[in-house]
Amino acid sequence: MPGIPRSQLRHEPDLCRVKTEIGTDLSRAEGLLRAGEIVAVPTETVYGLAANAFDPDAVLKIFLAKQRPAFDPLIVHVHGAEQAWGVADAQPLDAIVRDQAGALMRHFWPGPLTLVLPKGRRVPDLVTSGLDTVALRMPAHPMAQELLRHLEFPLAAPSANPFGYVSPTTARHVKDQLEGKVPYILDGGPCAVGVESTIIGWDAESRGWVLYRPGGTPVEAVEAVIGRVPKARKTVLPVSPGTLESHYAPRKPVLIGAVPELMREHAGKRIGVISLRTDHGATVNHVLSPKGDLGEAARNLFAALRALDAGDVELILAEEFPPEGLGAAINDRLGRAAAKRG
Ligand code: TXA
Ligand code: MG
């Protein structure tokens, strides 16, 4: 339907609509998940859309609700290292690699680090898009942890947004976009980290650890534990769609660079600016952290992108952030928000 913003299309009649509720009732969430339903769950990074990772029918509902292509594998959420090794298969790994994986779990779990390891037999192909590896993480949000501890199975959960759009960092963000598609949204407040987990994996071919996606755990911190972690090489088939060029993208055009110059170039337009600490005096300004804290900036990034996308600016400009710590993840997400969709 040309000319109609996608946000207005969500109220179209749809035969599969369910009533969407927001609440803090963990036993209700557990009941739904045990019954093979999907539930939106808070994590410290972004909200996830969760289902029983061992039940392909339940997992399929995630793909349908998100309109996610089946080539995009999901992250499996666990309540600890022991459960993780029941989902992954340690057998193909050398003892050194197994130790390194264990050390990463000890150092960074619970927290925003996802590990890609050989897949165990119980994981359905739909979860991993047919790959022989599985992505695993232990979330740090107390609600997600309690849920995982109570359940008899791990939870497959991608971010709770329509495929390709900005990830949700509040329960309201989830409702705005998945209303009618998910019966229950567990409200755990605004996410403390605000960008998705860092994803690293053991790459059997190069016999080394590789970085699939920068995120909430600084790569420098990971490298302090296991040594250098190079970026995964791009392949024809996206091994990790987190590495797809256009992703995490608002509908409006996004440009990154020297904001004052870009503002001069686009004078006369209604402009929204995302910056670290400087107010550039645009039509709308989102200063993500007046004190220059990159953690605070990451926490505020997606809400700023959403607000600008929903408001009446025509163009979104963003500074390039300092590349260290969480700055790498911020630049990565802004870069993909800016990438032209083909
Ligand atoms: O913080 C997060 O990671 C959030 C919360 C909900 O945990 N989840 C999240 O999921 O960002 P999602 O689906 O939006 O991104 C998961 C990424 C995808 O880019 C996917 O391709 C990658 O993880 N991934 C999953 N399994 C993989 C595998 N076996 N090999 C490489 N990448 C994988
Ligand atoms: Mg996502």
# chains A, B, ... in the order shown; residues from 1 in each chain; ligands from 1
>>> residues_near_ligand(ligand="ligand 1", cutoff="6 Å", atoms="only C-alpha atoms and all ligand atoms", output="VMD selection string")
chain A and resid 45 to 48 72 to 75 112 116 128 131 133 to 135 157 to 159 196 to 197 239 to 242
>>> residues_around(residues="segment 188-192 of chain A", least_positions_apart="5", cutoff="8 Å", atoms="only C-alpha atoms", output="ChimeraX atom specification")
/A:24,41-47,143,169-171,299
>>> write_last_selection(atoms="N, CA and C atoms", output="PDB file, in the first residue's frame")
ATOM      1  N   THR A  24       3.247  -8.005  34.743  1.00  0.00           N
ATOM      2  CA  THR A  24       4.452  -8.495  35.427  1.00  0.00           C
ATOM      3  C   THR A  24       4.222  -9.887  36.021  1.00  0.00           C
ATOM      4  N   VAL A  41       9.732 -10.854  26.490  1.00  0.00           N
ATOM      5  CA  VAL A  41      10.432 -10.946  27.772  1.00  0.00           C
ATOM      6  C   VAL A  41      11.513  -9.864  27.854  1.00  0.00           C
ATOM      7  N   PRO A  42      11.600  -9.184  29.004  1.00  0.00           N
ATOM      8  CA  PRO A  42      12.666  -8.181  29.114  1.00  0.00           C
ATOM      9  C   PRO A  42      14.025  -8.846  29.320  1.00  0.00           C
ATOM     10  N   THR A  43      15.052  -8.310  28.696  1.00  0.00           N
ATOM     11  CA  THR A  43      16.416  -8.702  29.060  1.00  0.00           C
ATOM     12  C   THR A  43      17.165  -7.399  29.327  1.00  0.00           C
ATOM     13  N   GLU A  44      18.401  -7.493  29.776  1.00  0.00           N
ATOM     14  CA  GLU A  44      19.153  -6.268  30.061  1.00  0.00           C
ATOM     15  C   GLU A  44      19.547  -5.533  28.777  1.00  0.00           C
ATOM     16  N   THR A  45      19.506  -6.242  27.628  1.00  0.00           N
ATOM     17  CA  THR A  45      19.910  -5.583  26.369  1.00  0.00           C
ATOM     18  C   THR A  45      18.696  -4.958  25.694  1.00  0.00           C
ATOM     19  N   VAL A  46      17.810  -5.800  25.177  1.00  0.00           N
ATOM     20  CA  VAL A  46      16.574  -5.356  24.524  1.00  0.00           C
ATOM     21  C   VAL A  46      15.504  -6.399  24.875  1.00  0.00           C
ATOM     22  N   TYR A  47      14.237  -6.094  24.585  1.00  0.00           N
ATOM     23  CA  TYR A  47      13.188  -7.095  24.815  1.00  0.00           C
ATOM     24  C   TYR A  47      13.295  -8.206  23.776  1.00  0.00           C
ATOM     25  N   MET A 143      13.963 -10.763  35.821  1.00  0.00           N
ATOM     26  CA  MET A 143      12.719 -11.420  35.389  1.00  0.00           C
ATOM     27  C   MET A 143      13.002 -12.545  34.401  1.00  0.00           C
ATOM     28  N   THR A 169      13.295  -1.335  23.605  1.00  0.00           N
ATOM     29  CA  THR A 169      13.939  -1.262  24.916  1.00  0.00           C
ATOM     30  C   THR A 169      12.935  -0.974  26.041  1.00  0.00           C
ATOM     31  N   THR A 170      11.643  -0.950  25.697  1.00  0.00           N
ATOM     32  CA  THR A 170      10.595  -0.893  26.735  1.00  0.00           C
ATOM     33  C   THR A 170       9.447  -1.818  26.289  1.00  0.00           C
ATOM     34  N   ALA A 171       8.591  -2.168  27.269  1.00  0.00           N
ATOM     35  CA  ALA A 171       7.433  -3.015  26.959  1.00  0.00           C
ATOM     36  C   ALA A 171       6.507  -2.282  25.972  1.00  0.00           C
ATOM     37  N   ARG A 299      22.167   3.060  26.086  1.00  0.00           N
ATOM     38  CA  ARG A 299      20.864   2.837  26.716  1.00  0.00           C
ATOM     39  C   ARG A 299      19.781   3.694  26.050  1.00  0.00           C
TER      40      ARG A 299
END
>>> atom_distance(atom1="atom CA of Asp132 of chain A", atom2="atom CA of Trp202 of chain A")
11.7 Å
>>> select_by_dssp(residues="segment 56-167 of chain A", states="strand (DSSP E or B)", output="list in words")
Ile75, Val76, His77, Ala88, Leu113, Thr114, Leu115, Val116, Leu117, Pro118, Lys119, Thr133, Val134, Ala135, Leu136, Arg137, Leu155, Ala156 and Ser159 of chain A
>>> write_last_selection(atoms="C-alpha atoms", output="mmCIF file, in the first residue's frame")
data_model
loop_
_atom_site.group_PDB
_atom_site.id
_atom_site.type_symbol
_atom_site.label_atom_id
_atom_site.label_comp_id
_atom_site.auth_asym_id
_atom_site.auth_seq_id
_atom_site.Cartn_x
_atom_site.Cartn_y
_atom_site.Cartn_z
ATOM 1 C CA ILE A 75 19.638 -16.851 20.128
ATOM 2 C CA VAL A 76 18.860 -19.486 22.782
ATOM 3 C CA HIS A 77 18.617 -18.077 26.313
ATOM 4 C CA ALA A 88 25.472 -26.873 22.692
ATOM 5 C CA LEU A 113 27.644 -11.791 25.477
ATOM 6 C CA THR A 114 26.306 -14.461 23.084
ATOM 7 C CA LEU A 115 28.467 -17.468 22.242
ATOM 8 C CA VAL A 116 28.069 -19.435 19.009
ATOM 9 C CA LEU A 117 29.050 -23.061 19.612
ATOM 10 C CA PRO A 118 28.444 -26.441 17.926
ATOM 11 C CA LYS A 119 24.770 -27.327 18.183
ATOM 12 C CA THR A 133 26.032 -24.099 15.417
ATOM 13 C CA VAL A 134 23.777 -22.529 18.046
ATOM 14 C CA ALA A 135 23.935 -19.064 19.629
ATOM 15 C CA LEU A 136 23.625 -19.021 23.440
ATOM 16 C CA ARG A 137 23.369 -16.416 26.115
ATOM 17 C CA LEU A 155 14.051 -19.928 25.435
ATOM 18 C CA ALA A 156 14.757 -19.071 21.823
ATOM 19 C CA SER A 159 14.659 -9.084 19.587
#
>>> residues_around(residues="Thr198 of chain A", least_positions_apart="5", cutoff="6 Å", atoms="only C-alpha atoms", output="list of chain:residue names")
A:Leu113, A:Thr114, A:Arg213, A:Pro214, A:Gly215, A:Gly216, A:Thr217
>>> atom_distance(atom1="atom CA of Ala307 of chain A", atom2="atom CA of Tyr212 of chain A")
28.0 Å
>>> residues_around(residues="Glu30 of chain A", least_positions_apart="5", cutoff="12 Å", atoms="only C-alpha atoms", output="PDB file with N, CA, C and O atoms, in the first residue's frame")
ATOM      1  N   THR A  24       3.247  -8.005  34.743  1.00  0.00           N
ATOM      2  CA  THR A  24       4.452  -8.495  35.427  1.00  0.00           C
ATOM      3  C   THR A  24       4.222  -9.887  36.021  1.00  0.00           C
ATOM      4  O   THR A  24       4.916 -10.304  36.936  1.00  0.00           O
ATOM      5  N   ASP A  25       3.237 -10.602  35.462  1.00  0.00           N
ATOM      6  CA  ASP A  25       2.833 -11.890  36.018  1.00  0.00           C
ATOM      7  C   ASP A  25       3.693 -13.023  35.438  1.00  0.00           C
ATOM      8  O   ASP A  25       3.438 -13.528  34.343  1.00  0.00           O
ATOM      9  N   ALA A  35       2.622 -23.804  27.178  1.00  0.00           N
ATOM     10  CA  ALA A  35       1.556 -24.185  26.234  1.00  0.00           C
ATOM     11  C   ALA A  35       1.992 -23.973  24.776  1.00  0.00           C
ATOM     12  O   ALA A  35       1.167 -24.083  23.862  1.00  0.00           O
ATOM     13  N   GLY A  36       3.263 -23.630  24.565  1.00  0.00           N
ATOM     14  CA  GLY A  36       3.754 -23.485  23.193  1.00  0.00           C
ATOM     15  C   GLY A  36       3.477 -22.118  22.578  1.00  0.00           C
ATOM     16  O   GLY A  36       3.529 -21.951  21.362  1.00  0.00           O
ATOM     17  N   GLU A  37       3.187 -21.123  23.447  1.00  0.00           N
ATOM     18  CA  GLU A  37       2.935 -19.759  22.948  1.00  0.00           C
ATOM     19  C   GLU A  37       4.212 -18.924  22.990  1.00  0.00           C
ATOM     20  O   GLU A  37       5.215 -19.323  23.581  1.00  0.00           O
ATOM     21  N   ILE A  38       4.122 -17.739  22.382  1.00  0.00           N
ATOM     22  CA  ILE A  38       5.242 -16.799  22.461  1.00  0.00           C
ATOM     23  C   ILE A  38       4.920 -15.720  23.498  1.00  0.00           C
ATOM     24  O   ILE A  38       3.768 -15.355  23.698  1.00  0.00           O
ATOM     25  N   VAL A  39       5.966 -15.225  24.147  1.00  0.00           N
ATOM     26  CA  VAL A  39       5.834 -14.162  25.151  1.00  0.00           C
ATOM     27  C   VAL A  39       7.000 -13.196  24.970  1.00  0.00           C
ATOM     28  O   VAL A  39       8.132 -13.635  24.739  1.00  0.00           O
ATOM     29  N   ALA A  40       6.731 -11.891  25.052  1.00  0.00           N
ATOM     30  CA  ALA A  40       7.833 -10.918  25.009  1.00  0.00           C
ATOM     31  C   ALA A  40       8.417 -10.786  26.406  1.00  0.00           C
ATOM     32  O   ALA A  40       7.694 -10.649  27.388  1.00  0.00           O
ATOM     33  N   VAL A  41       9.732 -10.854  26.490  1.00  0.00           N
ATOM     34  CA  VAL A  41      10.432 -10.946  27.772  1.00  0.00           C
ATOM     35  C   VAL A  41      11.513  -9.864  27.854  1.00  0.00           C
ATOM     36  O   VAL A  41      12.269  -9.683  26.893  1.00  0.00           O
ATOM     37  N   ALA A  50      10.051 -14.583  23.005  1.00  0.00           N
ATOM     38  CA  ALA A  50      10.545 -15.887  23.433  1.00  0.00           C
ATOM     39  C   ALA A  50       9.567 -17.022  23.166  1.00  0.00           C
ATOM     40  O   ALA A  50       8.351 -16.842  23.179  1.00  0.00           O
ATOM     41  N   ALA A  51      10.147 -18.209  22.939  1.00  0.00           N
ATOM     42  CA  ALA A  51       9.375 -19.451  22.833  1.00  0.00           C
ATOM     43  C   ALA A  51      10.270 -20.605  23.285  1.00  0.00           C
ATOM     44  O   ALA A  51      11.504 -20.459  23.340  1.00  0.00           O
ATOM     45  N   ASN A  52       9.633 -21.729  23.600  1.00  0.00           N
ATOM     46  CA  ASN A  52      10.373 -22.954  23.958  1.00  0.00           C
ATOM     47  C   ASN A  52      11.341 -23.316  22.829  1.00  0.00           C
ATOM     48  O   ASN A  52      10.919 -23.668  21.723  1.00  0.00           O
ATOM     49  N   MET A 143      13.963 -10.763  35.821  1.00  0.00           N
ATOM     50  CA  MET A 143      12.719 -11.420  35.389  1.00  0.00           C
ATOM     51  C   MET A 143      13.002 -12.545  34.401  1.00  0.00           C
ATOM     52  O   MET A 143      12.423 -13.631  34.487  1.00  0.00           O
ATOM     53  N   ALA A 144      13.890 -12.291  33.463  1.00  0.00           N
ATOM     54  CA  ALA A 144      14.248 -13.317  32.477  1.00  0.00           C
ATOM     55  C   ALA A 144      14.902 -14.501  33.191  1.00  0.00           C
ATOM     56  O   ALA A 144      14.627 -15.662  32.893  1.00  0.00           O
ATOM     57  N   GLU A 146      14.499 -15.464  36.346  1.00  0.00           N
ATOM     58  CA  GLU A 146      13.546 -16.226  37.139  1.00  0.00           C
ATOM     59  C   GLU A 146      12.706 -17.127  36.227  1.00  0.00           C
ATOM     60  O   GLU A 146      12.488 -18.300  36.507  1.00  0.00           O
ATOM     61  N   LEU A 147      12.284 -16.561  35.112  1.00  0.00           N
ATOM     62  CA  LEU A 147      11.504 -17.324  34.142  1.00  0.00           C
ATOM     63  C   LEU A 147      12.295 -18.558  33.681  1.00  0.00           C
ATOM     64  O   LEU A 147      11.785 -19.682  33.681  1.00  0.00           O
ATOM     65  N   LEU A 148      13.540 -18.351  33.316  1.00  0.00           N
ATOM     66  CA  LEU A 148      14.366 -19.455  32.807  1.00  0.00           C
ATOM     67  C   LEU A 148      14.593 -20.518  33.884  1.00  0.00           C
ATOM     68  O   LEU A 148      14.608 -21.713  33.583  1.00  0.00           O
ATOM     69  N   ARG A 149      14.758 -20.080  35.119  1.00  0.00           N
ATOM     70  CA  ARG A 149      14.972 -21.051  36.201  1.00  0.00           C
ATOM     71  C   ARG A 149      13.733 -21.908  36.431  1.00  0.00           C
ATOM     72  O   ARG A 149      13.831 -23.075  36.764  1.00  0.00           O
ATOM     73  N   HIS A 150      12.545 -21.307  36.246  1.00  0.00           N
ATOM     74  CA  HIS A 150      11.307 -22.065  36.479  1.00  0.00           C
ATOM     75  C   HIS A 150      10.976 -23.023  35.347  1.00  0.00           C
ATOM     76  O   HIS A 150      10.321 -24.028  35.554  1.00  0.00           O
ATOM     77  N   LEU A 151      11.392 -22.679  34.134  1.00  0.00           N
ATOM     78  CA  LEU A 151      10.981 -23.485  32.974  1.00  0.00           C
ATOM     79  C   LEU A 151      11.863 -24.716  32.806  1.00  0.00           C
ATOM     80  O   LEU A 151      13.018 -24.731  33.254  1.00  0.00           O
ATOM     81  N   GLU A 152      11.325 -25.703  32.113  1.00  0.00           N
ATOM     82  CA  GLU A 152      12.051 -26.967  31.914  1.00  0.00           C
ATOM     83  C   GLU A 152      12.839 -26.922  30.612  1.00  0.00           C
ATOM     84  O   GLU A 152      13.465 -27.901  30.221  1.00  0.00           O
ATOM     85  N   PHE A 153      12.772 -25.782  29.919  1.00  0.00           N
ATOM     86  CA  PHE A 153      13.432 -25.690  28.606  1.00  0.00           C
ATOM     87  C   PHE A 153      14.044 -24.300  28.449  1.00  0.00           C
ATOM     88  O   PHE A 153      13.611 -23.342  29.122  1.00  0.00           O
ATOM     89  N   PRO A 154      15.060 -24.163  27.580  1.00  0.00           N
ATOM     90  CA  PRO A 154      15.621 -22.839  27.304  1.00  0.00           C
ATOM     91  C   PRO A 154      14.696 -22.058  26.367  1.00  0.00           C
ATOM     92  O   PRO A 154      13.773 -22.636  25.787  1.00  0.00           O
ATOM     93  N   LEU A 155      14.923 -20.779  26.245  1.00  0.00           N
ATOM     94  CA  LEU A 155      14.051 -19.928  25.435  1.00  0.00           C
ATOM     95  C   LEU A 155      14.783 -19.381  24.209  1.00  0.00           C
ATOM     96  O   LEU A 155      15.795 -18.687  24.347  1.00  0.00           O
ATOM     97  N   TYR A 184       1.211 -11.897  25.415  1.00  0.00           N
ATOM     98  CA  TYR A 184       1.639 -11.314  26.682  1.00  0.00           C
ATOM     99  C   TYR A 184       3.023 -10.692  26.567  1.00  0.00           C
ATOM    100  O   TYR A 184       3.928 -11.280  25.962  1.00  0.00           O
ATOM    101  N   ILE A 185       3.162  -9.507  27.159  1.00  0.00           N
ATOM    102  CA  ILE A 185       4.455  -8.820  27.220  1.00  0.00           C
ATOM    103  C   ILE A 185       4.800  -8.651  28.693  1.00  0.00           C
ATOM    104  O   ILE A 185       4.087  -7.977  29.433  1.00  0.00           O
ATOM    105  N   LEU A 186       5.868  -9.300  29.128  1.00  0.00           N
ATOM    106  CA  LEU A 186       6.320  -9.143  30.515  1.00  0.00           C
ATOM    107  C   LEU A 186       7.029  -7.799  30.602  1.00  0.00           C
ATOM    108  O   LEU A 186       7.977  -7.550  29.853  1.00  0.00           O
TER     109      LEU A 186
END
>>> residues_around(residues="Ala258 of chain A", least_positions_apart="5", cutoff="12 Å", atoms="only C-alpha atoms", output="MDAnalysis selection string")
chainID A and resid 263:265 273:275 278 280 317:321
>>> write_last_selection(atoms="all heavy atoms", output="compact mmCIF listing (two decimals), in the first residue's frame")
# COMPACT_ATOMS: atom_id res chain seq x y z
N MET A 263 24.09 19.50 8.52
CA MET A 263 22.95 20.41 8.74
C MET A 263 22.96 21.54 7.72
O MET A 263 21.91 21.92 7.20
CB MET A 263 22.97 20.97 10.17
CG MET A 263 22.43 19.97 11.18
SD MET A 263 22.50 20.58 12.88
CE MET A 263 21.36 21.94 12.81
N ARG A 264 24.16 22.06 7.41
CA ARG A 264 24.25 23.13 6.40
C ARG A 264 23.82 22.59 5.04
O ARG A 264 23.07 23.21 4.31
CB ARG A 264 25.68 23.67 6.33
CG ARG A 264 25.91 24.82 7.32
CD ARG A 264 27.18 25.59 7.00
NE ARG A 264 28.38 24.78 7.11
CZ ARG A 264 28.99 24.50 8.27
NH1 ARG A 264 28.52 24.99 9.40
NH2 ARG A 264 30.09 23.77 8.29
N GLU A 265 24.29 21.38 4.71
CA GLU A 265 23.96 20.77 3.42
C GLU A 265 22.45 20.59 3.25
O GLU A 265 21.93 20.66 2.15
CB GLU A 265 24.57 19.37 3.34
CG GLU A 265 25.76 19.25 2.41
CD GLU A 265 26.38 17.86 2.58
OE1 GLU A 265 25.68 16.87 2.28
OE2 GLU A 265 27.54 17.80 3.05
N VAL A 273 18.59 15.21 15.25
CA VAL A 273 20.00 14.86 15.42
C VAL A 273 20.20 13.95 16.64
O VAL A 273 19.60 14.18 17.69
CB VAL A 273 20.87 16.14 15.57
CG1 VAL A 273 22.29 15.79 15.99
CG2 VAL A 273 20.89 16.92 14.26
N ILE A 274 21.04 12.94 16.45
CA ILE A 274 21.47 12.08 17.56
C ILE A 274 22.94 12.37 17.82
O ILE A 274 23.78 12.23 16.92
CB ILE A 274 21.26 10.60 17.21
CG1 ILE A 274 19.76 10.31 17.10
CG2 ILE A 274 21.91 9.71 18.26
CD1 ILE A 274 19.43 8.87 16.80
N SER A 275 23.25 12.81 19.05
CA SER A 275 24.64 13.14 19.36
C SER A 275 25.00 12.60 20.73
O SER A 275 24.11 12.21 21.51
CB SER A 275 24.83 14.66 19.32
OG SER A 275 24.01 15.25 20.31
N THR A 278 26.68 17.01 22.49
CA THR A 278 26.50 18.36 21.95
C THR A 278 25.08 18.56 21.43
O THR A 278 24.60 17.74 20.63
CB THR A 278 27.48 18.58 20.77
OG1 THR A 278 28.76 18.11 21.16
CG2 THR A 278 27.54 20.05 20.38
N HIS A 280 23.12 20.30 18.82
CA HIS A 280 23.47 20.99 17.57
C HIS A 280 22.40 21.98 17.12
O HIS A 280 22.51 22.54 16.05
CB HIS A 280 23.73 19.96 16.47
CG HIS A 280 24.98 19.14 16.69
ND1 HIS A 280 26.24 19.59 16.36
CD2 HIS A 280 25.16 17.92 17.24
CE1 HIS A 280 27.14 18.67 16.67
NE2 HIS A 280 26.51 17.64 17.22
N LEU A 317 20.10 12.81 11.42
CA LEU A 317 21.56 12.90 11.34
C LEU A 317 22.15 12.37 12.64
O LEU A 317 21.57 12.55 13.71
CB LEU A 317 22.00 14.36 11.16
CG LEU A 317 21.44 15.13 9.96
CD1 LEU A 317 22.00 16.55 9.95
CD2 LEU A 317 21.80 14.41 8.66
N ALA A 318 23.29 11.71 12.54
CA ALA A 318 23.93 11.20 13.75
C ALA A 318 25.43 11.44 13.68
O ALA A 318 26.04 11.36 12.62
CB ALA A 318 23.66 9.71 13.93
N GLU A 319 25.99 11.76 14.85
CA GLU A 319 27.45 11.86 14.95
C GLU A 319 28.06 10.47 14.86
O GLU A 319 27.39 9.48 15.16
CB GLU A 319 27.82 12.40 16.35
CG GLU A 319 27.53 13.85 16.56
CD GLU A 319 27.84 14.28 18.00
OE1 GLU A 319 28.15 13.40 18.85
OE2 GLU A 319 27.76 15.49 18.26
N GLU A 320 29.34 10.43 14.51
CA GLU A 320 30.06 9.18 14.70
C GLU A 320 30.54 9.18 16.15
O GLU A 320 31.06 10.18 16.64
CB GLU A 320 31.24 9.11 13.75
CG GLU A 320 31.79 7.74 13.67
CD GLU A 320 32.60 7.55 12.40
OE1 GLU A 320 32.21 8.07 11.35
OE2 GLU A 320 33.64 6.91 12.50
N PHE A 321 30.32 8.08 16.88
CA PHE A 321 30.66 8.03 18.30
C PHE A 321 32.10 7.55 18.48
O PHE A 321 32.64 6.86 17.62
CB PHE A 321 29.66 7.12 19.04
CG PHE A 321 28.33 7.78 19.28
CD1 PHE A 321 27.51 8.14 18.22
CD2 PHE A 321 27.92 8.10 20.57
CE1 PHE A 321 26.29 8.78 18.43
CE2 PHE A 321 26.71 8.74 20.80
CZ PHE A 321 25.89 9.08 19.73
>>> residues_around(residues="Gly335 of chain A", least_positions_apart="4", cutoff="8 Å", atoms="only C-alpha atoms", output="ChimeraX atom specification")
/A:256,331,339
>>> write_last_selection(atoms="N, CA, C and O atoms", output="mmCIF file, in the first residue's frame")
data_model
loop_
_atom_site.group_PDB
_atom_site.id
_atom_site.type_symbol
_atom_site.label_atom_id
_atom_site.label_comp_id
_atom_site.auth_asym_id
_atom_site.auth_seq_id
_atom_site.Cartn_x
_atom_site.Cartn_y
_atom_site.Cartn_z
ATOM 1 N N ILE A 256 25.229 9.756 8.660
ATOM 2 C CA ILE A 256 26.180 9.827 9.770
ATOM 3 C C ILE A 256 27.375 10.663 9.353
ATOM 4 O O ILE A 256 27.857 10.531 8.215
ATOM 5 N N ASN A 331 28.059 2.741 16.927
ATOM 6 C CA ASN A 331 28.409 3.042 15.526
ATOM 7 C C ASN A 331 27.919 1.954 14.583
ATOM 8 O O ASN A 331 27.458 2.227 13.477
ATOM 9 N N ALA A 339 22.321 2.392 6.328
ATOM 10 C CA ALA A 339 22.576 1.675 5.072
ATOM 11 C C ALA A 339 21.333 1.698 4.190
ATOM 12 O O ALA A 339 20.221 1.463 4.663
#
>>> atom_distance(atom1="atom CA of Val87 of chain A", atom2="atom CA of Trp109 of chain A")
15.9 Å
>>> residues_around(residues="Phe163 of chain A", least_positions_apart="6", cutoff="9 Å", atoms="only C-alpha atoms", output="PyMOL selection string")
chain A and resi 63+66-69+247-248
>>> write_last_selection(atoms="C-alpha atoms", output="short mmCIF file (atom, residue, chain, number, x, y, z; two decimals), in the first residue's frame")
data_model
loop_
_atom_site.label_atom_id
_atom_site.label_comp_id
_atom_site.auth_asym_id
_atom_site.auth_seq_id
_atom_site.Cartn_x
_atom_site.Cartn_y
_atom_site.Cartn_z
CA PHE A 63 9.15 -16.12 12.84
CA LYS A 66 8.31 -10.92 13.43
CA GLN A 67 7.98 -11.66 9.71
CA ARG A 68 11.49 -12.89 10.08
CA PRO A 69 13.05 -14.81 7.19
CA HIS A 247 19.17 -3.70 9.79
CA TYR A 248 18.05 -2.04 13.00
#
>>> select_by_dssp(residues="segment 15-133 of chain A", states="helix (DSSP H, G or I)", output="VMD selection string")
chain A and resid 26 to 34 56 to 66 81 to 87 95 to 108 125 to 128
>>> closest_residue(among="A:Leu288, A:Ile200, A:Met105, A:Ala304", to="Gly80 of chain A", atoms="only C-alpha atoms")
A:Met105
>>> closest_residue(among="A:Asp187, A:Ser206, A:Gly194, A:Val127", to="Gly23 of chain A", atoms="only C-alpha atoms")
A:Asp187
>>> decode(residues="segment 280-296 of chain A", atoms="N, CA and C atoms", output="compact mmCIF listing (two decimals), in the first residue's frame")
# COMPACT_ATOMS: atom_id res chain seq x y z
N HIS A 280 23.12 20.30 18.82
CA HIS A 280 23.47 20.99 17.57
C HIS A 280 22.40 21.98 17.12
N GLY A 281 21.35 22.15 17.91
CA GLY A 281 20.34 23.15 17.57
C GLY A 281 19.52 22.79 16.33
N ALA A 282 19.27 21.50 16.12
CA ALA A 282 18.43 21.08 15.00
C ALA A 282 16.95 21.20 15.41
N THR A 283 16.04 20.78 14.54
CA THR A 283 14.62 20.84 14.89
C THR A 283 14.36 20.01 16.15
N VAL A 284 14.89 18.80 16.18
CA VAL A 284 14.79 17.94 17.36
C VAL A 284 16.20 17.41 17.68
N ASN A 285 16.56 17.44 18.95
CA ASN A 285 17.92 17.01 19.32
C ASN A 285 17.87 15.94 20.39
N HIS A 286 18.50 14.81 20.13
CA HIS A 286 18.63 13.77 21.15
C HIS A 286 20.09 13.69 21.57
N VAL A 287 20.40 14.35 22.68
CA VAL A 287 21.75 14.27 23.25
C VAL A 287 21.74 13.02 24.13
N LEU A 288 22.47 11.97 23.73
CA LEU A 288 22.30 10.67 24.39
C LEU A 288 22.94 10.62 25.77
N SER A 289 24.02 11.38 25.98
CA SER A 289 24.62 11.42 27.32
C SER A 289 25.36 12.74 27.50
N PRO A 290 24.74 13.71 28.18
CA PRO A 290 25.40 15.01 28.37
C PRO A 290 26.77 14.87 29.02
N LYS A 291 26.95 13.82 29.86
CA LYS A 291 28.27 13.70 30.48
C LYS A 291 29.23 12.85 29.64
N GLY A 292 28.81 12.44 28.47
CA GLY A 292 29.71 11.73 27.56
C GLY A 292 29.91 10.26 27.90
N ASP A 293 28.97 9.67 28.61
CA ASP A 293 29.09 8.27 29.02
C ASP A 293 28.50 7.37 27.91
N LEU A 294 29.34 6.51 27.33
CA LEU A 294 28.89 5.70 26.18
C LEU A 294 27.86 4.64 26.60
N GLY A 295 27.94 4.17 27.84
CA GLY A 295 26.93 3.23 28.35
C GLY A 295 25.56 3.88 28.40
N GLU A 296 25.53 5.11 28.91
CA GLU A 296 24.27 5.84 28.97
C GLU A 296 23.76 6.12 27.55
